[in-house]
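Colleague: Please read through the structure below; I'll follow up with questions.
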Amino acid sequence: MGGVARFWREIPQRYNLIGNKCEECGQVFFPPRESCPKCRRKSMGKIKEIKLTGKGKIVTYSIIHVGPEEFEEQVPYPIAIIQLDEGPRITAQIVDCDIHDVKIGMKVESTFRKIQQDGSTGAIYYGYKFIKRK
Amino acid sequence: MREVAVIGIGITKFGELWDKSFRQLIAEAGSKAILDAGIEGKEIDEMYVGSMSSGRFVGQEHVGALVADAAGFSHMHIPSTRVEGACASGGLAVRQGYLSIASGMNDIVVVGGMEKMNDVGGNDATATLATAADQEWEAFFGTTFPALYAMIATRHMHEYGTTKEQLAQVAVKNHANGAKNPYAQYRREITLELAMNATTVAYPLGLLDCSPVTDGAASLILCAADKAKKYTDKAIKIIGSGQGSDSLALHGRRDICTLDATVHAAKTAYKQAGITSKDIDFAEVHDCFTIAEICAIEDLGFVKKGEGGKAIDNKITTLDGSLPVNTSGGLKSKGHPVGATGVAQMVEVTQQLRGEAEARQLKDAKIGLAHNVGGSGATCVIHIMEAM
Ligand SMILES: [Zn+2]
């Protein structure tokens, strides 16, 4: 999906979980926001980049049996919404575990993986997936 | 603000319509509606058409003008605008038409919705539907559109004890209704066993929890209510119109199990109509997946949050229940040509209120509601209708 530039723009967030934080109210955003939806103009100049720990727990999940073309080889695979300890929720795959072990409330941490390969250009895209926290 | 009425309706057969093109479908629905309303082409002030992704489905953008052309109005230069809000595109087109009449700008507006989804292969259709989700932060990581609703279902089951059987019962009910609808894609009943044992698409949702890929179009003729009598004695008034938006990604929502866009749109529409959810006699809700119907009846205030599954068990929403839902068969059985859906829902509500729903006809239905959702809930548009 999309060109290489489209992917390249999101590298800091997808490789290193770089989000940001409103220093006015303390809310953390991932992906980063230009301003705080709550503090609006008061947040101007007070949005600071932060690196998220990648620790969190599963809010909900599904096991995908019919996947998009780029993910067909991986089915069945679990996808989940994860609440990060810093607050934001993100969507990612859960890997390195039996799909039947995936549960709401399970503690997880992020890991850096290959996400998909573009069929036409051959470009490999990387980003975060999550594993069960030890 | 002026009152607005529906004075004409038109709909095509829904299904895999290999012999019909995109423009034939919308021309058919539009001419049926124009004929039904008894208006002349020169009386049309403006047109709004809903299409989610004609560019990806049939390689054609600029479909506002195309629709006016296909309807034979190009020489009249009628303003015609395409409206997009994923699967809510049709409902949004109706709302644009409604607003343009309510404002006093227009007297008669043609509204249409259409999608031709079967000209591309299954993979392309799936990828196109996924563009309703957040491409960078959901789809990139391997989420499918069914998986988003599946995640709503998993959480709903966890929080409220909703069961897979209750989900399946939604499909069974909607197929029973669709069997009675001559325009439906699937005119056959299904058993609970079949629904429960269908192939898994995205756990906990199986194939029969999902609405199909559909070709089809629908159209309404809207008219200033004070001028409606000139054309028909069976005008149906739109007494409330509401719209809401929310985060594009499911993970950005306040609550996974609540579509706040629906809650917001419903609140606006009920307030405008001067009614509460208790005054609604029947509804067409956006059951793109079975769990979506359960969330919808909760978010519209028909039952308390978490009790949608129980409402299915208690048969409240069947044709002879106290609050029939998706008498048309819903998206599940009637089919879901995404851009057409919001308009088609209002065709059904109009038919019920006119007493023209034949085998599906409800007794004493006075006020009906149409609920149309885009994506996993980032857009919602609701219209409430009443016989004049
Ligand atoms: Zn703030």
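Going by the structure tokens order, chains are called A, B, ..., each with residues numbered from 1, while ligands are numbered from 1 in the order shown.
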Using only C-alpha atoms and a cut-off of 9 Å, which residues of chain A sit close to chain B? Please list them as a ChimeraX atom specification.
Modeller: /A:1,6-7,10,31,59-71,76,79-83,88-93,104,115-116,127-129
Colleague: Can I get the residues close to ligand 1 as JSON, numbers by chain, where close means within 6 Å and we count only C-alpha atoms and all ligand atoms?
Modeller: {"A": [22, 24, 25, 27, 36, 38, 39, 43]}
Colleague: Deliver the residues from the most recent selection as a file, using N, CA and C atoms, as a short mmCIF file (atom, residue, chain, number, x, y, z; two decimals), in the first residue's frame.
Modeller:
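Saved as part-v4.cif:
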data_model
loop_
_atom_site.label_atom_id
_atom_site.label_comp_id
_atom_site.auth_asym_id
_atom_site.auth_seq_id
_atom_site.Cartn_x
_atom_site.Cartn_y
_atom_site.Cartn_z
N CYS A 22 1.51 16.11 25.75
CA CYS A 22 1.09 17.48 26.03
C CYS A 22 1.56 17.82 27.44
N GLU A 24 0.94 20.43 29.01
CA GLU A 24 -0.08 21.20 29.70
C GLU A 24 -0.96 20.27 30.56
N CYS A 25 -1.41 19.15 29.96
CA CYS A 25 -2.31 18.24 30.71
C CYS A 25 -1.70 16.86 30.95
N GLN A 27 -1.30 14.39 28.79
CA GLN A 27 -1.74 13.29 27.94
C GLN A 27 -0.69 12.91 26.89
N CYS A 36 -2.76 19.32 21.25
CA CYS A 36 -3.56 18.51 22.17
C CYS A 36 -5.04 18.81 21.93
N LYS A 38 -7.50 18.43 23.77
CA LYS A 38 -8.15 18.97 24.97
C LYS A 38 -7.67 20.40 25.23
N CYS A 39 -6.36 20.62 25.20
CA CYS A 39 -5.81 21.93 25.57
C CYS A 39 -5.77 22.91 24.40
N SER A 43 -1.72 24.23 24.26
CA SER A 43 -0.68 23.21 24.11
C SER A 43 0.40 23.62 23.10
#
Colleague: List the neighbours of Gly104 (chain B) out to 10 Å using only C-alpha atoms; skip same-chain residues closer than 4 positions along the sequence, and give me the result as a ChimeraX atom specification.
Modeller: /B:1-3,99-100,224
Colleague: Which residues are close to Leu222 (chain B), i.e. within 9 Å by only C-alpha atoms, leaving aside same-chain residues fewer than 5 positions away? Reply as a list in words.
Modeller: Val4, Ala5, Val6, Ile7, Gly8, Val94, Gly97, Tyr98, Ile101, Asp107, Ile108, Val109, Val110, Val111 and Ala228 of chain B
Colleague: To one decimal place, how far is CA of Gly309 (chain B) from CA of Ile294 (chain B) in Å?
Modeller: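 Interatomic distance here is 6.2 Å.
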